[in-house]
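One structure is given below, encoded as structure tokens.
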Amino acid sequence: MARWLIRFALAIFLLFFGVLFGMQEAHRGIERMRGYADPSFPSVIDMKKRENGEVEAAVFGRPIVAEDLGEKQETIRELKTFNLFSRLGQLFADGVTALMEMLFSLIGRVLG
């Protein structure tokens, strides 16, 4: 099961970056076909290195900043929205976890 999960995660990772790479190559192909770079048509992935050694990345022209992720997490926490399906999923996961722990504990007592 663990090998399958690792393979699945690796396949998803490769497919995700394959899609981004394909979009970048399509962008370059459009530029070559036109014969000029259109500034209103942003690159898919743009990475620049600053003078201080930090790497700045942008996806579809929008900069990716670690502070933005923290702010977004804080905004989500502030909203405090209740999602019934999320809560039911969490309860189900907790129940399955408790059941498996009890099952493994019982098997450990019988075998040990």
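Convention: chains lettered A, B, ... in structure tokens order; per-chain residue numbering from 1; ligands numbered from 1 as shown.
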
Please run DSSP on the backbone and report, as an NGL selection string, all residues within chain A that come out as strand (DSSP E). :A and (45-49 or 55-59 or 62-64)

List every residue of chain A that DSSP, applied to the backbone of this structure, assigns to alpha helix (DSSP H), and report them as a VMD selection string. chain A and resid 2 to 34 66 to 79 84 to 111

Please compute the atom CA of Gly22 of chain A-atom CA of Val59 of chain A distance, one decimal, in Å.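 So the two atoms, atom CA of Gly22 of chain A and atom CA of Val59 of chain A, lie 13.7 Å apart.
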
When distances are computed from only C-alpha atoms, which of A:Lys48, A:Phe60, A:Leu5, A:Ala93 shows the smallest separation from Met23 of chain A?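 Using only C-alpha atoms, the shortest distance to Met23 of chain A belongs to A:Phe60.
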
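Every protein, DNA or RNA residue with an atom at most 8 Å from Ala58 of chain A, where only C-alpha atoms count and chain neighbours fewer than 2 positions away do not, is listed here: Val44, Ile45, Asp46, Met47, Glu56, Phe60, Gly61, Arg62, Pro63 and Ile64 of chain A.
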
So how many Å separate atom CA of Gly112 of chain A and atom CA of Ala98 of chain A, to one decimal?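 So the two atoms, atom CA of Gly112 of chain A and atom CA of Ala98 of chain A, lie 20.5 Å apart.
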
Would you work out the distance separating atom CA of Ala2 of chain A from atom CA of Leu103 of chain A, expressed in Å to one decimal? 19.2 Å
